[in-house]
Amino acid sequence: MLRVTLAFARPVLGTKAFGGWRASAAAMSSLLVQQPNYSWLKELGLHEDNAGVFNGTWGGRGEVVTSYCPANNEPIARVKQATLEEYEETVQKAKEAWEIWADIPAPKRGEIVRQIGDSLRKKLKVLGNLLSLEMGKISVEGIGEVQEYIDICDYAVGLSRMIGGPVLPSERPGHALIEQWNPLGLVGIITAFNFPVAVYGWNNALALICGNCCLWKGAPTTPLTSIAVTKIVTQVLEDNKLPGAICSLTCGGADIGTAMSKDERINLLSFTGSTKVGKQVSLVVQERFGRQLLELGGNNAIIVFEDADLNMVIPSVLFAAVGTAGQRCTTTRRLFLHESIHDEVVERLAKAYKQIRIGDPLDSNTLYGPLHTKQAVDMYKNAVEQAKQQGGNVVYGGKAIDRPGNYVEPTIVTGLPHNATIVHTETFAPILYVVKFKSEEEAFAWNNEVKQGLSSSIFTKDVGRMFHWLGPKGSDCGIVNINIPTSGAEIGGAFGGEKHTGGGRESGSDAWKNYMRRSTCTINYSKELPLAQGIKFE
């Protein structure tokens with residue numbers, strides 16, 4: 001799902017630490033956190049210099065990095081990352097905290113998670129604004145992402161009184177057969193820049209009620225969000241006289257990510273990021289026979305049939321392709337249009353694109369903000385050029401926008417074949433490839449021919465086609481929608497995908513099982529010793 005690398009993508013931001021907090025005064029003369037317009041950052045406990053390690057106490061003896069605002073590329077504040085020695089200390093303290101947390105009944109753990117949700121509610125707007133400032137998504141999306149963490153807390157509270165296994169019929173008289181579920185221990189969580197709150201929340205809330213402690217490594221380009229969230233969560237723990245290390249944090253780069261992958265003390269590693277890096281993580285974790293939960297890439301498609309309601313199609317495609325500036329794992333990147341409606345849909349879609357309000361993510365009137373980094377802008381430009389070279393026609397957009405920040409035009413490309421190399425390449429940017437199709441069979445086949453299998457959607461009124469789409473010869477994705485976009489999943493269903501998307505499932509349904517281990521238990525309460533399958537051993 002989303003995008004992150006073990007090297008964590010952006011070059012080193014800021015300067016090396018030479019004893020205490022120290023940065024280049026010339027380069028860092030005006031941090032946004034120091035400016036009156038951003039004084040609200042202090043409501044989240046953020047300052048010019050911030051500790052990036054929490055394991056019951058705050059620290060950070062590693063490299064100092066600077067977080068930048070993608071809307072203007074101005075520095076927000078500095079963060080001191082973890083060293084490997086601090087990582088080791090943090091794992092040890094988290095393991096010690098688990099000895100206390102695991103003994104607390106699940107419903108009582110649920111009460112702590114309820115309080116975390118309430119604390120997030122109190123900081124809903126200001127934390128959402130931090131997301132907009134540091135990640136670049138528009139204000140309503142930033143606030144919505146925090147709300148998603150709140151929602152999963154509410155969900156987890158109820159779940160804390162429901163998790164468990166069945167009592168199964170035993171074939172042996174005087175015997176009981178039960179399933180017992182127990183916590184894993186320590187859950188490592190590596191998250192990406194584009195959903196720096198929600199994805200942690202999905203993992204954290206469920207892991208906690210299941211009886212686990214959490215060790216979080218957020219994306220190094222959104223460290224302030226990781227710190228602000230950790231301050232909120234751990235304050236709840238400390239108010240309840242519980243060890244703060246139950247929810248630990250180590251901001252860092254490739255060395256911390258690699259250490260987590262290799263560490264046998266981490267009983268489950270949840271990784272959200274690119275397919276390329278996810279494969280590396282998977283191999284390392286598998287080498288130690290560790291558990292992993294992977295949320296990787298998505299090259300998602302919407303298929304529009306000739307009977308579709310185009311008044312629903314246009315806003316759906318617009319949101320799915322342009323929302324979060326094309327930086328959702330569930331962003332629509334391929335649009336398959338029946339040949340009879342292709343030209344009309346492209347014309348209407350181009351008109352809709354012209355009405356997109358581009359601007360400051362913190363402005364409530366803005367619908368479209370910047371890409372997260374300058375490197376993402378270069379990636380966008382390269383993809384547009386490749387599309388042209390492979391025969392594509394740019395009918396809207398295609399250029400970087402000449403203004404401060406990392407802004408690019410949302411882009412529509414037509415004329416490429418369904419199997420063009422660039423169409424099969426997931427580019428984390430707002431580029432939509434539009435392709436004509438003739439039949440249901442070929443459209444379904446084209447949806448499934450890419451390596452990823454995250455989200456998919458069709459627009460149709462044909463009930464038979466709907467159920468074909470949901471069936472074994474329909475979409476091969478983990479999210480299969482009808483008459484709604486590919487993005488905007490609810491927390492009640494399991495979130496994740498197939499194939500190179502990684503196969504992991506987070507959030508709702510039975511995703512909680514990822515965070516627990518199952519034992520099948522047989523209890524003999526009789527005075528006899530019958531064997532299963534009628535075996536006699538006398």
# chains A, B, ... in the order shown; residues from 1 in each chain; ligands from 1

$ residues_around --residues "Val146 of chain A" --least-positions-apart "2" --cutoff "12 Å" --atoms "only C-alpha atoms" --output "short mmCIF file (atom, residue, chain, number, x, y, z; two decimals) with N, CA and C atoms, in the first residue's frame"
data_model
loop_
_atom_site.label_atom_id
_atom_site.label_comp_id
_atom_site.auth_asym_id
_atom_site.auth_seq_id
_atom_site.Cartn_x
_atom_site.Cartn_y
_atom_site.Cartn_z
N ILE A 116 -7.76 6.73 24.34
CA ILE A 116 -6.91 7.22 23.25
C ILE A 116 -7.76 7.88 22.18
N GLY A 117 -8.87 7.23 21.81
CA GLY A 117 -9.78 7.82 20.83
C GLY A 117 -10.32 9.16 21.28
N ASP A 118 -10.69 9.27 22.57
CA ASP A 118 -11.20 10.53 23.09
C ASP A 118 -10.14 11.62 23.07
N SER A 119 -8.89 11.25 23.38
CA SER A 119 -7.80 12.23 23.34
C SER A 119 -7.54 12.71 21.92
N LEU A 120 -7.65 11.80 20.96
CA LEU A 120 -7.51 12.19 19.55
C LEU A 120 -8.63 13.13 19.13
N ARG A 121 -9.85 12.89 19.63
CA ARG A 121 -10.98 13.78 19.32
C ARG A 121 -10.68 15.23 19.74
N LYS A 122 -10.04 15.37 20.88
CA LYS A 122 -9.75 16.71 21.39
C LYS A 122 -8.72 17.43 20.53
N LYS A 123 -7.92 16.66 19.80
CA LYS A 123 -6.87 17.25 18.95
C LYS A 123 -7.18 17.04 17.46
N LEU A 124 -8.43 16.74 17.16
CA LEU A 124 -8.81 16.36 15.79
C LEU A 124 -8.36 17.38 14.75
N LYS A 125 -8.75 18.62 14.94
CA LYS A 125 -8.47 19.63 13.92
C LYS A 125 -7.00 19.99 13.87
N VAL A 126 -6.39 20.17 15.03
CA VAL A 126 -5.00 20.61 15.03
C VAL A 126 -4.07 19.51 14.50
N LEU A 127 -4.38 18.25 14.83
CA LEU A 127 -3.58 17.15 14.30
C LEU A 127 -3.82 16.99 12.80
N GLY A 128 -5.06 17.18 12.37
CA GLY A 128 -5.35 17.15 10.94
C GLY A 128 -4.61 18.25 10.19
N ASN A 129 -4.49 19.41 10.82
CA ASN A 129 -3.74 20.51 10.19
C ASN A 129 -2.26 20.19 10.08
N LEU A 130 -1.72 19.50 11.09
CA LEU A 130 -0.32 19.08 11.00
C LEU A 130 -0.12 18.15 9.82
N LEU A 131 -1.06 17.23 9.61
CA LEU A 131 -0.99 16.35 8.45
C LEU A 131 -0.93 17.14 7.15
N SER A 132 -1.79 18.15 7.04
CA SER A 132 -1.80 18.98 5.84
C SER A 132 -0.48 19.72 5.67
N SER A 139 -6.92 19.95 3.86
CA SER A 139 -7.36 20.00 5.26
C SER A 139 -8.45 18.97 5.56
N VAL A 140 -9.45 18.88 4.70
CA VAL A 140 -10.55 17.96 4.98
C VAL A 140 -10.07 16.51 5.00
N GLU A 141 -9.08 16.19 4.18
CA GLU A 141 -8.51 14.84 4.17
C GLU A 141 -7.64 14.60 5.40
N GLY A 142 -6.89 15.63 5.81
CA GLY A 142 -6.07 15.49 7.00
C GLY A 142 -6.92 15.23 8.24
N ILE A 143 -7.98 16.00 8.40
CA ILE A 143 -8.89 15.81 9.52
C ILE A 143 -9.59 14.45 9.40
N GLY A 144 -9.95 14.08 8.19
CA GLY A 144 -10.59 12.79 7.97
C GLY A 144 -9.69 11.63 8.32
N GLU A 148 -10.27 8.69 11.11
CA GLU A 148 -10.16 7.25 10.84
C GLU A 148 -9.51 6.53 12.02
N TYR A 149 -8.49 7.14 12.61
CA TYR A 149 -7.86 6.57 13.80
C TYR A 149 -8.88 6.53 14.95
N ILE A 150 -9.64 7.59 15.10
CA ILE A 150 -10.68 7.63 16.14
C ILE A 150 -11.70 6.52 15.91
N ASP A 151 -12.11 6.35 14.67
CA ASP A 151 -13.11 5.33 14.34
C ASP A 151 -12.59 3.92 14.65
N ILE A 152 -11.33 3.66 14.34
CA ILE A 152 -10.81 2.32 14.60
C ILE A 152 -10.64 2.10 16.10
N CYS A 153 -10.42 3.17 16.85
CA CYS A 153 -10.41 3.03 18.32
C CYS A 153 -11.79 2.60 18.81
N PHE A 195 -0.25 8.24 4.59
CA PHE A 195 -1.24 8.07 5.65
C PHE A 195 -0.50 7.87 6.98
N PRO A 196 0.17 8.91 7.46
CA PRO A 196 1.04 8.76 8.62
C PRO A 196 0.31 8.59 9.95
N VAL A 197 -1.01 8.81 9.96
CA VAL A 197 -1.80 8.64 11.18
C VAL A 197 -2.68 7.39 11.08
N ALA A 198 -3.46 7.28 10.01
CA ALA A 198 -4.48 6.23 9.91
C ALA A 198 -3.88 4.82 9.93
N VAL A 199 -2.81 4.61 9.17
CA VAL A 199 -2.25 3.25 9.09
C VAL A 199 -1.66 2.84 10.43
N TYR A 200 -1.01 3.78 11.12
CA TYR A 200 -0.56 3.46 12.47
C TYR A 200 -1.77 3.15 13.35
N GLY A 201 -2.82 3.93 13.22
CA GLY A 201 -4.02 3.71 14.03
C GLY A 201 -4.64 2.35 13.79
N TRP A 202 -4.74 1.92 12.53
CA TRP A 202 -5.29 0.59 12.23
C TRP A 202 -4.54 -0.48 13.00
N THR A 225 4.51 14.35 12.69
CA THR A 225 3.22 13.67 12.88
C THR A 225 3.39 12.47 13.80
N ALA A 228 3.82 13.79 17.36
CA ALA A 228 2.59 14.36 17.91
C ALA A 228 1.60 13.26 18.30
N VAL A 229 1.45 12.25 17.45
CA VAL A 229 0.53 11.15 17.75
C VAL A 229 1.02 10.38 18.97
#

$ residues_around --residues "Gly59 of chain A" --least-positions-apart "2" --cutoff "9 Å" --atoms "only C-alpha atoms" --output "JSON, numbers by chain"
{"A": [50, 51, 52, 53, 54, 55, 57, 61, 80, 81, 82, 86]}

$ closest_atom_pairs --of "segment 134-172 of chain A" --to "segment 189-194 of chain A" --cutoff "9 Å" --atoms "only C-alpha atoms" --output "CSV"
residue,atom,partner,partner_atom,distance
A:Met135,CA,A:Asn194,CA,6.5
A:Gly136,CA,A:Asn194,CA,8.6
A:Lys137,CA,A:Asn194,CA,8.1

$ select_by_dssp --residues "segment 219-336 of chain A" --states "strand (DSSP E or B)" --output "list in words"
Cys247, Ser248, Leu249, Thr250, Leu268, Leu269, Ser270, Phe271, Thr272, Arg291, Gln292, Leu293, Leu294, Glu295, Asn300, Ala301, Ile302, Ile303, Val304, Thr332, Arg333, Arg334, Leu335 and Phe336 of chain A

$ write_last_selection --atoms "N, CA and C atoms" --output "PDB file, in the first residue's frame"
ATOM      1  N   CYS A 247       3.604   1.848  23.875  1.00  0.00           N
ATOM      2  CA  CYS A 247       3.554   2.420  22.521  1.00  0.00           C
ATOM      3  C   CYS A 247       4.824   3.231  22.297  1.00  0.00           C
ATOM      4  N   SER A 248       5.856   2.552  21.835  1.00  0.00           N
ATOM      5  CA  SER A 248       7.168   3.165  21.663  1.00  0.00           C
ATOM      6  C   SER A 248       7.335   3.736  20.256  1.00  0.00           C
ATOM      7  N   LEU A 249       8.325   4.624  20.115  1.00  0.00           N
ATOM      8  CA  LEU A 249       8.590   5.288  18.837  1.00  0.00           C
ATOM      9  C   LEU A 249      10.084   5.367  18.608  1.00  0.00           C
ATOM     10  N   THR A 250      10.527   5.018  17.402  1.00  0.00           N
ATOM     11  CA  THR A 250      11.914   5.248  16.992  1.00  0.00           C
ATOM     12  C   THR A 250      11.906   5.871  15.602  1.00  0.00           C
ATOM     13  N   LEU A 268       5.558  -9.548  15.172  1.00  0.00           N
ATOM     14  CA  LEU A 268       4.868  -9.254  13.912  1.00  0.00           C
ATOM     15  C   LEU A 268       5.415  -7.944  13.391  1.00  0.00           C
ATOM     16  N   LEU A 269       5.799  -7.914  12.127  1.00  0.00           N
ATOM     17  CA  LEU A 269       6.216  -6.662  11.502  1.00  0.00           C
ATOM     18  C   LEU A 269       5.178  -6.269  10.463  1.00  0.00           C
ATOM     19  N   SER A 270       4.517  -5.150  10.721  1.00  0.00           N
ATOM     20  CA  SER A 270       3.550  -4.602   9.770  1.00  0.00           C
ATOM     21  C   SER A 270       4.266  -3.532   8.960  1.00  0.00           C
ATOM     22  N   PHE A 271       4.341  -3.748   7.657  1.00  0.00           N
ATOM     23  CA  PHE A 271       5.062  -2.818   6.776  1.00  0.00           C
ATOM     24  C   PHE A 271       4.132  -2.274   5.712  1.00  0.00           C
ATOM     25  N   THR A 272       4.081  -0.964   5.607  1.00  0.00           N
ATOM     26  CA  THR A 272       3.327  -0.290   4.557  1.00  0.00           C
ATOM     27  C   THR A 272       4.308   0.473   3.686  1.00  0.00           C
ATOM     28  N   ARG A 291       6.575 -13.316  11.549  1.00  0.00           N
ATOM     29  CA  ARG A 291       5.277 -12.939  10.984  1.00  0.00           C
ATOM     30  C   ARG A 291       5.386 -11.562  10.343  1.00  0.00           C
ATOM     31  N   GLN A 292       4.645 -11.376   9.251  1.00  0.00           N
ATOM     32  CA  GLN A 292       4.646 -10.091   8.573  1.00  0.00           C
ATOM     33  C   GLN A 292       3.254  -9.763   8.054  1.00  0.00           C
ATOM     34  N   LEU A 293       2.981  -8.476   7.992  1.00  0.00           N
ATOM     35  CA  LEU A 293       1.734  -7.979   7.430  1.00  0.00           C
ATOM     36  C   LEU A 293       2.123  -6.892   6.433  1.00  0.00           C
ATOM     37  N   LEU A 294       1.941  -7.179   5.149  1.00  0.00           N
ATOM     38  CA  LEU A 294       2.412  -6.283   4.091  1.00  0.00           C
ATOM     39  C   LEU A 294       1.255  -5.557   3.416  1.00  0.00           C
ATOM     40  N   GLU A 295       1.359  -4.244   3.348  1.00  0.00           N
ATOM     41  CA  GLU A 295       0.427  -3.404   2.584  1.00  0.00           C
ATOM     42  C   GLU A 295       1.259  -2.630   1.573  1.00  0.00           C
ATOM     43  N   ASN A 300      -4.598   0.560  -9.553  1.00  0.00           N
ATOM     44  CA  ASN A 300      -6.037   0.319  -9.479  1.00  0.00           C
ATOM     45  C   ASN A 300      -6.786   0.819 -10.713  1.00  0.00           C
ATOM     46  N   ALA A 301      -7.859   0.100 -11.045  1.00  0.00           N
ATOM     47  CA  ALA A 301      -8.632   0.430 -12.246  1.00  0.00           C
ATOM     48  C   ALA A 301     -10.108   0.633 -11.920  1.00  0.00           C
ATOM     49  N   ILE A 302     -10.721   1.545 -12.656  1.00  0.00           N
ATOM     50  CA  ILE A 302     -12.173   1.673 -12.718  1.00  0.00           C
ATOM     51  C   ILE A 302     -12.597   1.287 -14.132  1.00  0.00           C
ATOM     52  N   ILE A 303     -13.614   0.426 -14.223  1.00  0.00           N
ATOM     53  CA  ILE A 303     -14.169   0.008 -15.514  1.00  0.00           C
ATOM     54  C   ILE A 303     -15.568   0.613 -15.638  1.00  0.00           C
ATOM     55  N   VAL A 304     -15.807   1.342 -16.723  1.00  0.00           N
ATOM     56  CA  VAL A 304     -17.102   1.998 -16.928  1.00  0.00           C
ATOM     57  C   VAL A 304     -17.794   1.380 -18.139  1.00  0.00           C
ATOM     58  N   THR A 332      -7.028   5.712  -8.318  1.00  0.00           N
ATOM     59  CA  THR A 332      -7.305   5.143  -9.643  1.00  0.00           C
ATOM     60  C   THR A 332      -6.238   5.625 -10.621  1.00  0.00           C
ATOM     61  N   ARG A 333      -5.547   4.683 -11.222  1.00  0.00           N
ATOM     62  CA  ARG A 333      -4.477   5.009 -12.175  1.00  0.00           C
ATOM     63  C   ARG A 333      -4.832   4.567 -13.598  1.00  0.00           C
ATOM     64  N   ARG A 334      -5.798   3.635 -13.702  1.00  0.00           N
ATOM     65  CA  ARG A 334      -6.230   3.146 -15.016  1.00  0.00           C
ATOM     66  C   ARG A 334      -7.748   3.284 -15.096  1.00  0.00           C
ATOM     67  N   LEU A 335      -8.221   3.849 -16.193  1.00  0.00           N
ATOM     68  CA  LEU A 335      -9.657   4.018 -16.422  1.00  0.00           C
ATOM     69  C   LEU A 335     -10.016   3.336 -17.736  1.00  0.00           C
ATOM     70  N   PHE A 336     -10.782   2.247 -17.643  1.00  0.00           N
ATOM     71  CA  PHE A 336     -11.218   1.519 -18.826  1.00  0.00           C
ATOM     72  C   PHE A 336     -12.643   1.938 -19.169  1.00  0.00           C
TER      73      PHE A 336
END

$ closest_atom_pairs --of "segment 254-299 of chain A" --to "segment 438-456 of chain A" --cutoff "8 Å" --atoms "only C-alpha atoms" --output "Markdown table"
| residue | atom | partner | partner_atom | distance |
| --- | --- | --- | --- | --- |
| A:Gly297 | CA | A:Gln452 | CA | 6.3 |
| A:Gly298 | CA | A:Leu454 | CA | 5.1 |
| A:Asn299 | CA | A:Gln452 | CA | 6.0 |

$ write_last_selection --atoms "N, CA and C atoms" --output "mmCIF file, in the first residue's frame"
data_model
loop_
_atom_site.group_PDB
_atom_site.id
_atom_site.type_symbol
_atom_site.label_atom_id
_atom_site.label_comp_id
_atom_site.auth_asym_id
_atom_site.auth_seq_id
_atom_site.Cartn_x
_atom_site.Cartn_y
_atom_site.Cartn_z
ATOM 1 N N GLY A 297 1.947 -1.948 -3.019
ATOM 2 C CA GLY A 297 1.475 -1.092 -4.098
ATOM 3 C C GLY A 297 0.097 -1.425 -4.622
ATOM 4 N N GLY A 298 -0.423 -0.502 -5.415
ATOM 5 C CA GLY A 298 -1.711 -0.700 -6.073
ATOM 6 C C GLY A 298 -1.749 0.010 -7.413
ATOM 7 N N ASN A 299 -2.121 -0.697 -8.484
ATOM 8 C CA ASN A 299 -2.299 -0.075 -9.804
ATOM 9 C C ASN A 299 -3.770 -0.265 -10.165
#

$ residues_around --residues "Tyr380 of chain A" --least-positions-apart "4" --cutoff "12 Å" --atoms "only C-alpha atoms" --output "PyMOL selection string"
chain A and resi 325-327+370-376+384-387+397-401+406-411+422+425-432

$ residues_around --residues "Ile356 of chain A" --least-positions-apart "2" --cutoff "9 Å" --atoms "only C-alpha atoms" --output "mmCIF file with N, CA and C atoms, in the first residue's frame"
data_model
loop_
_atom_site.group_PDB
_atom_site.id
_atom_site.type_symbol
_atom_site.label_atom_id
_atom_site.label_comp_id
_atom_site.auth_asym_id
_atom_site.auth_seq_id
_atom_site.Cartn_x
_atom_site.Cartn_y
_atom_site.Cartn_z
ATOM 1 N N VAL A 322 -7.600 12.085 -8.435
ATOM 2 C CA VAL A 322 -6.990 13.370 -8.090
ATOM 3 C C VAL A 322 -6.843 13.554 -6.579
ATOM 4 N N ALA A 352 -14.078 18.636 -15.831
ATOM 5 C CA ALA A 352 -14.068 18.555 -14.366
ATOM 6 C C ALA A 352 -12.677 18.858 -13.819
ATOM 7 N N TYR A 353 -11.650 18.366 -14.496
ATOM 8 C CA TYR A 353 -10.278 18.626 -14.052
ATOM 9 C C TYR A 353 -9.987 20.129 -14.053
ATOM 10 N N LYS A 354 -10.535 20.846 -15.018
ATOM 11 C CA LYS A 354 -10.291 22.297 -15.107
ATOM 12 C C LYS A 354 -10.869 23.050 -13.912
ATOM 13 N N ILE A 358 -6.743 24.358 -6.937
ATOM 14 C CA ILE A 358 -5.386 24.035 -6.510
ATOM 15 C C ILE A 358 -4.899 25.118 -5.562
ATOM 16 N N THR A 366 -9.392 24.630 -0.838
ATOM 17 C CA THR A 366 -8.519 23.860 -1.730
ATOM 18 C C THR A 366 -8.985 22.413 -1.858
ATOM 19 N N LEU A 367 -8.962 21.888 -3.081
ATOM 20 C CA LEU A 367 -9.289 20.487 -3.346
ATOM 21 C C LEU A 367 -8.071 19.660 -3.727
ATOM 22 N N TYR A 368 -6.972 20.329 -4.039
ATOM 23 C CA TYR A 368 -5.813 19.625 -4.606
ATOM 24 C C TYR A 368 -4.547 20.317 -4.138
ATOM 25 N N PRO A 410 -2.801 17.774 -12.388
ATOM 26 C CA PRO A 410 -3.442 16.462 -12.531
ATOM 27 C C PRO A 410 -3.561 16.148 -14.019
#

$ atom_distance --atom1 "atom CA of Met312 of chain A" --atom2 "atom CA of Val435 of chain A"
19.0 Å

$ residues_around --residues "Trp98 of chain A" --least-positions-apart "3" --cutoff "7 Å" --atoms "only C-alpha atoms" --output "VMD selection string"
chain A and resid 94 to 95 101 to 102 185 212 to 213 246

$ select_by_dssp --residues "segment 390-454 of chain A" --states "alpha helix (DSSP H)" --output "PyMOL selection string"
chain A and resi 440-448

$ write_last_selection --atoms "N, CA and C atoms" --output "PDB file, in the first residue's frame"
ATOM      1  N   GLU A 440     -16.881  -7.105 -21.817  1.00  0.00           N
ATOM      2  CA  GLU A 440     -16.690  -7.347 -20.387  1.00  0.00           C
ATOM      3  C   GLU A 440     -15.486  -8.246 -20.148  1.00  0.00           C
ATOM      4  N   GLU A 441     -15.337  -9.273 -20.960  1.00  0.00           N
ATOM      5  CA  GLU A 441     -14.254 -10.232 -20.761  1.00  0.00           C
ATOM      6  C   GLU A 441     -12.891  -9.559 -20.826  1.00  0.00           C
ATOM      7  N   GLU A 442     -12.677  -8.705 -21.835  1.00  0.00           N
ATOM      8  CA  GLU A 442     -11.364  -8.093 -21.944  1.00  0.00           C
ATOM      9  C   GLU A 442     -11.147  -7.046 -20.855  1.00  0.00           C
ATOM     10  N   ALA A 443     -12.187  -6.339 -20.461  1.00  0.00           N
ATOM     11  CA  ALA A 443     -12.042  -5.338 -19.394  1.00  0.00           C
ATOM     12  C   ALA A 443     -11.652  -6.004 -18.077  1.00  0.00           C
ATOM     13  N   PHE A 444     -12.323  -7.122 -17.742  1.00  0.00           N
ATOM     14  CA  PHE A 444     -11.987  -7.832 -16.509  1.00  0.00           C
ATOM     15  C   PHE A 444     -10.555  -8.370 -16.579  1.00  0.00           C
ATOM     16  N   ALA A 445     -10.187  -8.888 -17.741  1.00  0.00           N
ATOM     17  CA  ALA A 445      -8.834  -9.428 -17.907  1.00  0.00           C
ATOM     18  C   ALA A 445      -7.789  -8.329 -17.767  1.00  0.00           C
ATOM     19  N   TRP A 446      -8.060  -7.142 -18.314  1.00  0.00           N
ATOM     20  CA  TRP A 446      -7.115  -6.031 -18.209  1.00  0.00           C
ATOM     21  C   TRP A 446      -6.994  -5.538 -16.770  1.00  0.00           C
ATOM     22  N   ASN A 447      -8.091  -5.562 -16.059  1.00  0.00           N
ATOM     23  CA  ASN A 447      -8.027  -5.178 -14.646  1.00  0.00           C
ATOM     24  C   ASN A 447      -7.039  -6.079 -13.900  1.00  0.00           C
ATOM     25  N   ASN A 448      -7.070  -7.367 -14.222  1.00  0.00           N
ATOM     26  CA  ASN A 448      -6.288  -8.354 -13.470  1.00  0.00           C
ATOM     27  C   ASN A 448      -4.876  -8.558 -13.985  1.00  0.00           C
TER      28      ASN A 448
END

$ atom_distance --atom1 "atom CA of Thr522 of chain A" --atom2 "atom CA of Pro107 of chain A"
25.7 Å

$ residues_around --residues "Val317 of chain A" --least-positions-apart "3" --cutoff "8 Å" --atoms "only C-alpha atoms" --output "ChimeraX atom specification"
/A:302,313-314,320-321,332,485

$ write_last_selection --atoms "N, CA, C and O atoms" --output "short mmCIF file (atom, residue, chain, number, x, y, z; two decimals), in the first residue's frame"
data_model
loop_
_atom_site.label_atom_id
_atom_site.label_comp_id
_atom_site.auth_asym_id
_atom_site.auth_seq_id
_atom_site.Cartn_x
_atom_site.Cartn_y
_atom_site.Cartn_z
N ILE A 302 -10.72 1.54 -12.66
CA ILE A 302 -12.17 1.67 -12.72
C ILE A 302 -12.60 1.29 -14.13
O ILE A 302 -12.00 1.74 -15.12
N VAL A 313 -20.16 8.56 -12.41
CA VAL A 313 -18.82 8.19 -12.85
C VAL A 313 -17.85 9.37 -12.74
O VAL A 313 -16.74 9.22 -12.19
N ILE A 314 -18.25 10.53 -13.25
CA ILE A 314 -17.32 11.66 -13.32
C ILE A 314 -16.80 12.08 -11.95
O ILE A 314 -15.58 12.15 -11.74
N ALA A 320 -11.13 9.73 -7.07
CA ALA A 320 -10.22 8.59 -6.97
C ALA A 320 -8.89 8.85 -7.66
O ALA A 320 -7.86 8.32 -7.23
N ALA A 321 -8.89 9.65 -8.73
CA ALA A 321 -7.65 9.89 -9.48
C ALA A 321 -6.88 11.11 -8.98
O ALA A 321 -5.65 11.16 -9.09
N THR A 332 -7.03 5.71 -8.32
CA THR A 332 -7.30 5.14 -9.64
C THR A 332 -6.24 5.62 -10.62
O THR A 332 -6.07 6.83 -10.82
N PRO A 485 -15.93 4.73 -6.11
CA PRO A 485 -14.52 4.80 -6.54
C PRO A 485 -13.67 3.68 -5.93
O PRO A 485 -14.12 2.91 -5.09
#

$ atom_distance --atom1 "atom CA of Trp40 of chain A" --atom2 "atom CA of Val64 of chain A"
22.8 Å

$ closest_residue --among "A:Trp181, A:Gly62, A:Ile479, A:Gly504" --to "Pro166 of chain A" --atoms "only C-alpha atoms"
A:Trp181

$ closest_residue --among "A:Arg161, A:Lys217, A:Arg288, A:Lys279" --to "Gly252 of chain A" --atoms "only C-alpha atoms"
A:Lys217

$ closest_residue --among "A:Tyr38, A:Tyr515, A:Trp58, A:Tyr68" --to "Pro223 of chain A" --atoms "only C-alpha atoms"
A:Tyr68
